[in-house]
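Structure first, commentary second.
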Amino acid sequence: MSRIVITGVGSISAAGRSAAATVDAALEGRSAIATIESFDVSTWPRKRGAEIKDYDAAKLAGDRKVLKLIRRSDVLGLFAANQAIAEAGFARHRETLDDAGNVAFSESTACYVGSGGGAFNVNYEFFPLMAHAGDDMQAFGHDLASTVNPMWLLRALPNNVLCHVGIRHGIKGPNGCITNHTTSGMLAVIESAQAIREGEAVRAVAAGHDAPVEPQQILYYHRCGLMAKDAIRPFDASRDGSLLGEGAGALVLETEASALERDAKILGEYLGGGDASEGLGLLALAPDGEGAARAIRVALDDAGIGTADVGMIVAHGNGTPQSDASEAAALKTVFGAAMPPVTAFKWVTGHPLAASGILDVTLGLEAARRGVAPGIATLGTLDPVCAGVRASQSTQTLARDVVLILCRGFGGTNSAVIVRAIS
Amino acid sequence: MKRRVAITGLGVVTPAGNDVASMWSRLLEGRSCGAPITNFDASAFSTRIAAEVRDADALPMPDDRKLAKFASRSHRFALVAAEQAIRDAGIAPTASDRTRWGCVVGTGMMTVAYDELSSLQRSAAIEGQLDPSRMLDDAASNDPLAFCRSQSTAGVSLLMRRFGIGGYASSVHTACASGGQALGTALRVIRRGAADRVLAGGFDSMISPVGLSGFCLLSAVSPDNDTPERASRPFDVTRNGFLLGEGAGFVVLEEWESAVARGAKIYAELAGDGNSLSSYRITDSHPSGDGPIQAMQRALADANATAEDVDYLNAHGTSTPMNDKSEAAASAVVFGDRVGEVSVSSTKSVMGHLIAAAGAVEGVVCALSIHHSKLPVNANLRELDPECAHLDIVREVPRDRRVRVALSNSLGFGGSNSCLAFRHPEETAEVMARDRHQAGRRG
């Protein structure tokens, strides 16, 4: 089986507009979590999140015309995908191909996107109509066309990033849009790699995006007891919840032969992935992290490596008491005393839900290319129930170049991806 | 050698019937389910007709009250259809094999119930603009159960909990291609050994004020309010939009050898998944069929079949002017000289367009067509569009025909195209015997 290599990375978070910038923030101990500015939180029980500042949609999406058809989360997804594709050098390579070569390139390029974003605020475009119509559904129907944007449904489509990446970059291969809460982006990576492994595509663009810092989402998370007061403190004894963040990640994966043929710079290698669920309910978690442990083991088997080969773990580390405790249990079950350095990034970026797994892959890869596991600045005292997790406030040096990234979501879903950093 | 996948259980909740037998008889009858909308007062909408699931409140819900609280209308459809499929297959996850069971679903895009949105508007957007500080006092906005129902993973989560599934889990959404892509993903997951059995399907309900509005604004739905039973007429020269439906379809997929070993009833082999991106426009396929062509060709190649093997195409056939034209053009390219020998019908003519559930329900229809050697009717076809004249459409009455390979197209907004290939189990047995023979000669 040909190796699958990574030739492009795209990354955006409130902490930076590249994987390098966000990893810099982590190394400097800077969290992008701050008081929310997009709406008035003065009376709110929870006030913090990680919002992308100086948001210029046209600049980020790289195309003004597309803006009337997409939403903020989609803009971030397009930004990340464009960045990854630019780094991989698709356009440069396609200029050297004749027409038939270009058709073949389009049809052998896959695209999988993990999509979230704006689940609630997308409906608010109906509020003016609803305010005007009240309970009178006849007035609602009658005045619909003169009140609501005719493009509303298209803007609301969860698969917009897939569609517009395809149109912009001429991608026509196998594709999918995954809407599976937090594991969406991670499953996009796994399905992209599988499309290449199974010979259905030569290369693939994987992306994940979300923009969950919206009032309804924050209130619901708070009511479910999941929101922190001021910071995400992974594995810390005083951790009290998570906070949401905006972000997107993208990767270009391809066969090693294809990368070598077009002389692309190789940034890393995809080794394997795994997915396992607990299925105990939407918000329920197995306290022993059984599903997370299984996802890691499936990924290790898929990669054909053992625990001793792993140089760093990028934990999900969302900062909620239950999730971190069960994640620690899973890591101890699989790695025992021989645990490699553990880091996490949500304390920097906030929790970007559907984007979180793939964003963490971009950050883990960048950190591993520098040979370090960034310290977790908000980790003061390791919770005794997390004892054995090799997370630290200070930066740790890596002995090996293989990174395991773990991602967990509602429904007791767990996904793990393993990559090797190539410097 | 590729692991093969058997379809051993079927379940549906559709406008044409809330179980497999009643849906099948209505499809054979070819009587459309289009009618005035009763879910809400749609009388002033430009389109006020749809194909609704009847007696939704009387659906036999699983005896688990806790589960029901977490379920929205489309989740209830999913739970009921999945229950039928599991029962039909005669197998369910056990404590020892639950991690080898997966669950892959195509989910709808509308996740917030209209009455919850309306509650929020009345409390916090009185003038039409949201005032977030007032949201704090709105009951629905503070209700964790409403939150749970609104999550994209709510459906897959309910199904996993209900049946004790513990393996690969995913929800996909590529608009009208979602159900097809869910079954295709499940096929790949079993093939690559990530699971041995998968509960796969799709569910959706957009017959709500906001959902219907979206399609009315795009003029995608037929405005034939006075003749709802005639509104969905795929391939007819007078077609003018689709008929919105709702529902769920589920299948139990099993690794072939293990299904055979336990003596399971095998409806069909899910033999191939073809998946392409049109990258043309958001709402349309290219008139040449570019996009659907690649999906159909890939499904055949993936099934190790050719156009020669295909006897039935369950068309996406939405009854919009562009879809049917593009799909007819794609069929001409893919089937070539044989295009007149492939029987075609769009069952959307009877049950409307189930959006994210469509591909899954139509997968069930293909399995039934193979199982019964009978092809359902493309209802309402009076005058065939000359641009579709090369298609052999099943008109007026169902057709008796043994189906070796059936294809099912699902083509979505956003340009995602899914084509699934289904093979008659006897044909699969023959192919396998041939493969073994050849392997024996080589080895």
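Residues in the structure tokens are named by chain (A, B, ... in the order shown) and by number from 1 within that chain; ligands are numbered from 1 in the order shown.
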
Could the residues of chain B that have an atom at most 6 Å from chain A be listed as a Markdown table, each with its closest atom pair and the distance in Å to one decimal, counting only C-alpha atoms and ordered by chain and ascending residue number?
| residue | atom | partner | partner_atom | distance |
| --- | --- | --- | --- | --- |
| B:Asp41 | CA | A:Met137 | CA | 5.9 |
| B:Ala44 | CA | A:Gly141 | CA | 4.7 |
| B:Phe45 | CA | A:Gly141 | CA | 4.2 |
| B:Ile126 | CA | A:Ala131 | CA | 5.8 |
| B:Glu127 | CA | A:Ala131 | CA | 5.9 |
| B:Gly128 | CA | A:Pro128 | CA | 3.8 |
| B:Pro144 | CA | A:Cys224 | CA | 6.0 |
| B:Thr153 | CA | A:Asn180 | CA | 5.3 |
| B:Ser157 | CA | A:Gly411 | CA | 4.7 |
| B:Met160 | CA | A:Gly279 | CA | 4.8 |
| B:Arg161 | CA | A:Gly279 | CA | 4.9 |
| B:Gly166 | CA | A:Ser277 | CA | 4.8 |
| B:Gly167 | CA | A:Ala276 | CA | 4.7 |
| B:Tyr168 | CA | A:Ala276 | CA | 5.1 |
| B:Ser170 | CA | A:Asn180 | CA | 5.8 |
| B:Ser171 | CA | A:Asn180 | CA | 4.9 |
| B:Val172 | CA | A:Ile178 | CA | 4.3 |
| B:His173 | CA | A:Cys177 | CA | 5.5 |
| B:Thr174 | CA | A:Asn159 | CA | 5.7 |
| B:Gly214 | CA | A:Leu153 | CA | 4.8 |
| B:Leu217 | CA | A:Pro150 | CA | 4.9 |
| B:Asn275 | CA | A:Pro174 | CA | 4.9 |
| B:Ser276 | CA | A:Pro174 | CA | 4.9 |
| B:Leu277 | CA | A:Lys172 | CA | 4.4 |
| B:Ser278 | CA | A:Lys172 | CA | 6.0 |
| B:Ser279 | CA | A:Ile167 | CA | 4.3 |
| B:Gly414 | CA | A:Cys163 | CA | 4.9 |

Please produce a file of the residues just selected, as a short mmCIF file (atom, residue, chain, number, x, y, z; two decimals), in the first residue's frame, where the atoms kept are N, CA and C atoms.
data_model
loop_
_atom_site.label_atom_id
_atom_site.label_comp_id
_atom_site.auth_asym_id
_atom_site.auth_seq_id
_atom_site.Cartn_x
_atom_site.Cartn_y
_atom_site.Cartn_z
N ASP B 41 -51.03 25.45 8.85
CA ASP B 41 -51.87 26.19 7.90
C ASP B 41 -50.98 26.76 6.80
N ALA B 44 -51.81 29.97 2.52
CA ALA B 44 -51.41 31.16 1.78
C ALA B 44 -50.01 31.05 1.19
N PHE B 45 -49.39 29.88 1.30
CA PHE B 45 -48.08 29.68 0.67
C PHE B 45 -48.26 29.48 -0.83
N ILE B 126 -39.33 40.46 19.33
CA ILE B 126 -40.69 40.98 19.19
C ILE B 126 -40.82 41.89 17.97
N GLU B 127 -39.77 42.68 17.74
CA GLU B 127 -39.79 43.58 16.59
C GLU B 127 -39.17 42.94 15.34
N GLY B 128 -38.67 41.71 15.49
CA GLY B 128 -38.09 41.05 14.32
C GLY B 128 -36.59 40.87 14.40
N PRO B 144 -33.01 22.03 28.11
CA PRO B 144 -31.98 21.11 27.61
C PRO B 144 -32.54 20.06 26.64
N THR B 153 -26.45 15.28 15.77
CA THR B 153 -26.24 13.88 16.13
C THR B 153 -27.39 13.31 16.96
N SER B 157 -27.62 9.30 17.73
CA SER B 157 -27.46 9.04 19.15
C SER B 157 -28.64 8.23 19.70
N MET B 160 -28.37 4.60 18.33
CA MET B 160 -27.33 3.81 18.99
C MET B 160 -27.77 3.37 20.38
N ARG B 161 -28.42 4.31 21.07
CA ARG B 161 -28.87 3.97 22.42
C ARG B 161 -29.99 2.93 22.38
N GLY B 166 -22.32 0.19 19.16
CA GLY B 166 -21.12 0.77 19.77
C GLY B 166 -19.92 0.92 18.85
N GLY B 167 -20.14 0.85 17.53
CA GLY B 167 -18.99 0.97 16.62
C GLY B 167 -18.97 2.30 15.89
N TYR B 168 -18.57 2.24 14.61
CA TYR B 168 -18.47 3.44 13.77
C TYR B 168 -19.83 4.14 13.73
N SER B 170 -21.78 7.76 12.24
CA SER B 170 -21.66 9.01 11.51
C SER B 170 -23.02 9.50 11.02
N SER B 171 -23.14 10.82 10.92
CA SER B 171 -24.30 11.45 10.31
C SER B 171 -23.79 12.23 9.11
N VAL B 172 -24.46 12.09 7.98
CA VAL B 172 -24.00 12.82 6.80
C VAL B 172 -25.14 13.69 6.28
N HIS B 173 -24.76 14.79 5.66
CA HIS B 173 -25.77 15.63 5.03
C HIS B 173 -25.26 16.22 3.72
N THR B 174 -25.72 15.69 2.62
CA THR B 174 -25.46 16.30 1.33
C THR B 174 -26.82 16.53 0.66
N GLY B 214 -38.35 27.58 2.43
CA GLY B 214 -37.08 27.52 1.71
C GLY B 214 -37.27 27.08 0.28
N LEU B 217 -39.36 29.70 -1.83
CA LEU B 217 -38.55 30.85 -2.23
C LEU B 217 -37.69 30.54 -3.45
N ASN B 275 -19.95 7.96 -6.31
CA ASN B 275 -20.09 9.22 -5.59
C ASN B 275 -19.28 10.25 -6.35
N SER B 276 -19.93 11.33 -6.77
CA SER B 276 -19.19 12.35 -7.51
C SER B 276 -19.68 13.73 -7.12
N LEU B 277 -18.90 14.72 -7.47
CA LEU B 277 -19.25 16.11 -7.20
C LEU B 277 -19.40 16.80 -8.56
N SER B 278 -20.54 17.47 -8.77
CA SER B 278 -20.76 18.11 -10.07
C SER B 278 -19.89 19.35 -10.24
N SER B 279 -19.74 20.13 -9.16
CA SER B 279 -18.95 21.36 -9.22
C SER B 279 -19.39 22.22 -10.41
N GLY B 414 -26.01 21.41 -4.07
CA GLY B 414 -24.61 21.46 -3.70
C GLY B 414 -23.76 20.60 -4.62
#

Looking only at strand (DSSP E) from DSSP on the backbone, list the matching residues of region 184-326 of chain A as a ChimeraX atom specification. /A:203-210,247-255,268-277,312-314

Please dump the current selection as a PDB file, in the first residue's frame; keep C-alpha atoms.
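And here is the file that came out, part.pdb:
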ATOM      1  CA  ARG A 203      -5.649  13.011  -3.523  1.00  0.00           C
ATOM      2  CA  ALA A 204      -8.233  14.518  -1.228  1.00  0.00           C
ATOM      3  CA  VAL A 205      -9.106  17.765   0.467  1.00  0.00           C
ATOM      4  CA  ALA A 206     -10.423  17.289   4.003  1.00  0.00           C
ATOM      5  CA  ALA A 207     -11.923  20.228   5.857  1.00  0.00           C
ATOM      6  CA  GLY A 208     -13.931  20.993   8.963  1.00  0.00           C
ATOM      7  CA  HIS A 209     -15.500  24.259  10.066  1.00  0.00           C
ATOM      8  CA  ASP A 210     -17.740  25.735  12.725  1.00  0.00           C
ATOM      9  CA  GLY A 247     -12.406  27.875  13.629  1.00  0.00           C
ATOM     10  CA  ALA A 248     -11.642  25.629  10.693  1.00  0.00           C
ATOM     11  CA  GLY A 249      -8.978  23.200   9.632  1.00  0.00           C
ATOM     12  CA  ALA A 250      -8.082  21.567   6.335  1.00  0.00           C
ATOM     13  CA  LEU A 251      -5.599  19.064   4.969  1.00  0.00           C
ATOM     14  CA  VAL A 252      -4.545  17.980   1.507  1.00  0.00           C
ATOM     15  CA  LEU A 253      -3.813  14.258   1.533  1.00  0.00           C
ATOM     16  CA  GLU A 254      -2.377  12.366  -1.431  1.00  0.00           C
ATOM     17  CA  THR A 255      -0.490   9.278  -2.403  1.00  0.00           C
ATOM     18  CA  GLY A 268       3.556  14.754   7.179  1.00  0.00           C
ATOM     19  CA  GLU A 269       2.120  11.314   6.689  1.00  0.00           C
ATOM     20  CA  TYR A 270      -1.325   9.965   7.528  1.00  0.00           C
ATOM     21  CA  LEU A 271      -0.854   6.676   9.368  1.00  0.00           C
ATOM     22  CA  GLY A 272      -4.343   5.663  10.446  1.00  0.00           C
ATOM     23  CA  GLY A 273      -7.671   6.472  12.015  1.00  0.00           C
ATOM     24  CA  GLY A 274     -10.396   4.920  14.125  1.00  0.00           C
ATOM     25  CA  ASP A 275     -13.924   5.609  15.251  1.00  0.00           C
ATOM     26  CA  ALA A 276     -15.888   4.100  18.136  1.00  0.00           C
ATOM     27  CA  SER A 277     -19.038   5.066  19.962  1.00  0.00           C
ATOM     28  CA  MET A 312       2.666  12.987  21.448  1.00  0.00           C
ATOM     29  CA  ILE A 313      -1.026  12.865  22.225  1.00  0.00           C
ATOM     30  CA  VAL A 314      -3.248  15.817  21.368  1.00  0.00           C
TER      31      VAL A 314
END

Counting only C-alpha atoms, figure out which residue out of B:Ser150, B:Thr8, B:Ser208, B:Ser410 gets nearest to Ile91 (chain B).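 Ranking B:Ser150, B:Thr8, B:Ser208, B:Ser410 by distance to Ile91 (chain B), first place goes to B:Thr8.
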
Long-range neighbours of Pro374 (chain A) as a ChimeraX atom specification, 8 Å cut-off, only C-alpha atoms, 4 positions minimum in chain: /A:23,26-27,343,367,394-396

Please identify which residues in region 218-363 of chain B DSSP calls helix (DSSP H, G or I) from the backbone, and express them as a ChimeraX atom specification. /B:228-230,256-261,292-302,307-309,321-341,348-351,355-363

Create the file for the chosen residues now, containing C-alpha atoms and written as a PDB file, in the first residue's frame.
ATOM      1  CA  PRO B 228     -51.894  17.771  -5.749  1.00  0.00           C
ATOM      2  CA  GLU B 229     -52.167  14.140  -6.856  1.00  0.00           C
ATOM      3  CA  ARG B 230     -50.807  15.187 -10.275  1.00  0.00           C
ATOM      4  CA  TRP B 256     -22.129 -11.277   3.201  1.00  0.00           C
ATOM      5  CA  GLU B 257     -20.549 -14.461   4.544  1.00  0.00           C
ATOM      6  CA  SER B 258     -21.857 -13.927   8.038  1.00  0.00           C
ATOM      7  CA  ALA B 259     -25.355 -13.225   6.701  1.00  0.00           C
ATOM      8  CA  VAL B 260     -25.239 -16.452   4.684  1.00  0.00           C
ATOM      9  CA  ALA B 261     -23.832 -18.390   7.631  1.00  0.00           C
ATOM     10  CA  PRO B 292     -24.448  12.078 -12.360  1.00  0.00           C
ATOM     11  CA  ILE B 293     -22.636  10.290 -15.214  1.00  0.00           C
ATOM     12  CA  GLN B 294     -19.511   9.794 -13.106  1.00  0.00           C
ATOM     13  CA  ALA B 295     -21.558   8.689 -10.088  1.00  0.00           C
ATOM     14  CA  MET B 296     -23.375   6.039 -12.131  1.00  0.00           C
ATOM     15  CA  GLN B 297     -20.192   4.839 -13.826  1.00  0.00           C
ATOM     16  CA  ARG B 298     -18.378   4.621 -10.513  1.00  0.00           C
ATOM     17  CA  ALA B 299     -21.242   2.669  -8.912  1.00  0.00           C
ATOM     18  CA  LEU B 300     -21.096   0.114 -11.727  1.00  0.00           C
ATOM     19  CA  ALA B 301     -17.300  -0.119 -11.571  1.00  0.00           C
ATOM     20  CA  ASP B 302     -17.416  -0.426  -7.792  1.00  0.00           C
ATOM     21  CA  ALA B 307     -24.246  -1.302 -18.234  1.00  0.00           C
ATOM     22  CA  GLU B 308     -25.104  -4.733 -19.704  1.00  0.00           C
ATOM     23  CA  ASP B 309     -26.092  -5.987 -16.260  1.00  0.00           C
ATOM     24  CA  PRO B 321     -37.405  20.563 -15.306  1.00  0.00           C
ATOM     25  CA  MET B 322     -33.609  20.468 -15.008  1.00  0.00           C
ATOM     26  CA  ASN B 323     -33.100  17.383 -12.834  1.00  0.00           C
ATOM     27  CA  ASP B 324     -35.030  14.993 -15.046  1.00  0.00           C
ATOM     28  CA  LYS B 325     -33.427  16.337 -18.205  1.00  0.00           C
ATOM     29  CA  SER B 326     -29.922  16.029 -16.778  1.00  0.00           C
ATOM     30  CA  GLU B 327     -30.612  12.555 -15.434  1.00  0.00           C
ATOM     31  CA  ALA B 328     -32.030  11.398 -18.767  1.00  0.00           C
ATOM     32  CA  ALA B 329     -28.905  12.712 -20.492  1.00  0.00           C
ATOM     33  CA  ALA B 330     -26.699  10.892 -17.980  1.00  0.00           C
ATOM     34  CA  SER B 331     -28.596   7.634 -18.558  1.00  0.00           C
ATOM     35  CA  ALA B 332     -28.037   7.909 -22.312  1.00  0.00           C
ATOM     36  CA  VAL B 333     -24.292   8.236 -21.774  1.00  0.00           C
ATOM     37  CA  VAL B 334     -23.982   5.526 -19.117  1.00  0.00           C
ATOM     38  CA  PHE B 335     -26.246   2.908 -20.722  1.00  0.00           C
ATOM     39  CA  GLY B 336     -25.337   3.717 -24.326  1.00  0.00           C
ATOM     40  CA  ASP B 337     -27.052   1.424 -26.840  1.00  0.00           C
ATOM     41  CA  ARG B 338     -28.793  -0.377 -23.993  1.00  0.00           C
ATOM     42  CA  VAL B 339     -30.577   2.690 -22.675  1.00  0.00           C
ATOM     43  CA  GLY B 340     -33.943   1.503 -24.033  1.00  0.00           C
ATOM     44  CA  GLU B 341     -33.578  -1.823 -22.251  1.00  0.00           C
ATOM     45  CA  LYS B 348     -41.107  10.272  -6.080  1.00  0.00           C
ATOM     46  CA  SER B 349     -44.084  10.345  -8.423  1.00  0.00           C
ATOM     47  CA  VAL B 350     -46.014   8.550  -5.674  1.00  0.00           C
ATOM     48  CA  MET B 351     -44.452   9.541  -2.351  1.00  0.00           C
ATOM     49  CA  ILE B 355     -35.050  14.999   0.888  1.00  0.00           C
ATOM     50  CA  ALA B 356     -32.400  13.547   3.259  1.00  0.00           C
ATOM     51  CA  ALA B 357     -34.395  10.316   3.560  1.00  0.00           C
ATOM     52  CA  ALA B 358     -35.011   9.904  -0.175  1.00  0.00           C
ATOM     53  CA  GLY B 359     -31.891   7.891  -1.053  1.00  0.00           C
ATOM     54  CA  ALA B 360     -32.402   5.491   1.834  1.00  0.00           C
ATOM     55  CA  VAL B 361     -36.096   4.859   1.103  1.00  0.00           C
ATOM     56  CA  GLU B 362     -35.346   4.410  -2.588  1.00  0.00           C
ATOM     57  CA  GLY B 363     -32.606   1.939  -1.637  1.00  0.00           C
TER      58      GLY B 363
END

Just the number, please: distance in Å from CA of Val20 (chain B) to CA of Ala248 (chain B), one decimal.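 One can read the CA of Val20 (chain B) to CA of Ala248 (chain B) distance as 11.2 Å.
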
What separation in Å, quoted to one decimal, exists between CA of Ser285 (chain B) and CA of Gly415 (chain B)? 6.7 Å

Nearest to Ser213 (chain B), chosen from A:Ala293, A:Thr147, A:Phe79, A:Gly89, with only C-alpha atoms counted in the distances: A:Thr147

Any idea what the distance is between CA of Asn380 (chain B) and CA of Pro234 (chain B)? 7.7 Å

As a ChimeraX atom specification, please: the residues near Ala429 (chain B) (cut-off 12 Å, only C-alpha atoms, same-chain neighbours under 3 positions excluded). /B:4,6,256-257,260,266,268-269,404,423-426,432-436

Using N, CA and C atoms, can you write the selected residues to a file as an mmCIF file, in the first residue's frame?
data_model
loop_
_atom_site.group_PDB
_atom_site.id
_atom_site.type_symbol
_atom_site.label_atom_id
_atom_site.label_comp_id
_atom_site.auth_asym_id
_atom_site.auth_seq_id
_atom_site.Cartn_x
_atom_site.Cartn_y
_atom_site.Cartn_z
ATOM 1 N N ARG B 4 -18.147 -8.513 0.737
ATOM 2 C CA ARG B 4 -19.433 -8.127 0.149
ATOM 3 C C ARG B 4 -20.448 -7.812 1.241
ATOM 4 N N ALA B 6 -24.570 -7.651 2.361
ATOM 5 C CA ALA B 6 -25.945 -8.122 2.139
ATOM 6 C C ALA B 6 -26.936 -7.182 2.821
ATOM 7 N N TRP B 256 -21.408 -10.234 3.933
ATOM 8 C CA TRP B 256 -22.129 -11.277 3.201
ATOM 9 C C TRP B 256 -21.997 -12.662 3.819
ATOM 10 N N GLU B 257 -20.766 -13.086 4.072
ATOM 11 C CA GLU B 257 -20.549 -14.461 4.544
ATOM 12 C C GLU B 257 -21.242 -14.716 5.873
ATOM 13 N N VAL B 260 -24.960 -15.117 5.245
ATOM 14 C CA VAL B 260 -25.239 -16.452 4.684
ATOM 15 C C VAL B 260 -25.122 -17.506 5.781
ATOM 16 N N ILE B 266 -31.762 -12.699 2.416
ATOM 17 C CA ILE B 266 -30.996 -11.630 1.769
ATOM 18 C C ILE B 266 -31.827 -11.052 0.627
ATOM 19 N N ALA B 268 -30.943 -8.377 -1.256
ATOM 20 C CA ALA B 268 -30.075 -7.993 -2.360
ATOM 21 C C ALA B 268 -28.681 -7.776 -1.811
ATOM 22 N N GLU B 269 -27.724 -7.736 -2.721
ATOM 23 C CA GLU B 269 -26.388 -7.296 -2.342
ATOM 24 C C GLU B 269 -26.320 -5.789 -2.573
ATOM 25 N N ARG B 404 -31.348 -8.086 -12.391
ATOM 26 C CA ARG B 404 -30.005 -8.559 -12.026
ATOM 27 C C ARG B 404 -29.287 -7.485 -11.222
ATOM 28 N N ARG B 423 -27.497 -5.771 -6.342
ATOM 29 C CA ARG B 423 -27.452 -6.969 -7.192
ATOM 30 C C ARG B 423 -28.344 -8.054 -6.608
ATOM 31 N N HIS B 424 -28.990 -8.784 -7.506
ATOM 32 C CA HIS B 424 -29.818 -9.928 -7.103
ATOM 33 C C HIS B 424 -28.935 -10.945 -6.370
ATOM 34 N N PRO B 425 -29.403 -11.469 -5.240
ATOM 35 C CA PRO B 425 -28.533 -12.377 -4.460
ATOM 36 C C PRO B 425 -28.115 -13.622 -5.241
ATOM 37 N N GLU B 426 -28.984 -14.098 -6.147
ATOM 38 C CA GLU B 426 -28.582 -15.274 -6.953
ATOM 39 C C GLU B 426 -27.432 -14.916 -7.897
ATOM 40 N N MET B 432 -19.720 -15.008 -7.218
ATOM 41 C CA MET B 432 -18.781 -15.529 -6.219
ATOM 42 C C MET B 432 -18.256 -16.904 -6.628
ATOM 43 N N ALA B 433 -19.138 -17.721 -7.176
ATOM 44 C CA ALA B 433 -18.705 -19.048 -7.620
ATOM 45 C C ALA B 433 -17.671 -18.912 -8.741
ATOM 46 N N ARG B 434 -17.938 -17.975 -9.657
ATOM 47 C CA ARG B 434 -17.012 -17.738 -10.767
ATOM 48 C C ARG B 434 -15.661 -17.259 -10.237
ATOM 49 N N ASP B 435 -15.716 -16.320 -9.277
ATOM 50 C CA ASP B 435 -14.475 -15.808 -8.696
ATOM 51 C C ASP B 435 -13.675 -16.930 -8.039
ATOM 52 N N ARG B 436 -14.385 -17.800 -7.322
ATOM 53 C CA ARG B 436 -13.705 -18.904 -6.635
ATOM 54 C C ARG B 436 -13.066 -19.841 -7.643
#

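Proximity of A:Gly77, A:Gly311, A:Pro352, A:Gly199 to Ala14 (chain A), computed with only C-alpha atoms, is greatest for A:Pro352.
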
Which residues, written as a PyMOL selection string, have at least one atom at most 10 Å from Ala421 (chain A), with only C-alpha atoms counted and residues fewer than 4 positions away on the same chain left out? chain A and resi 5-6+266-270+364-371+400-403
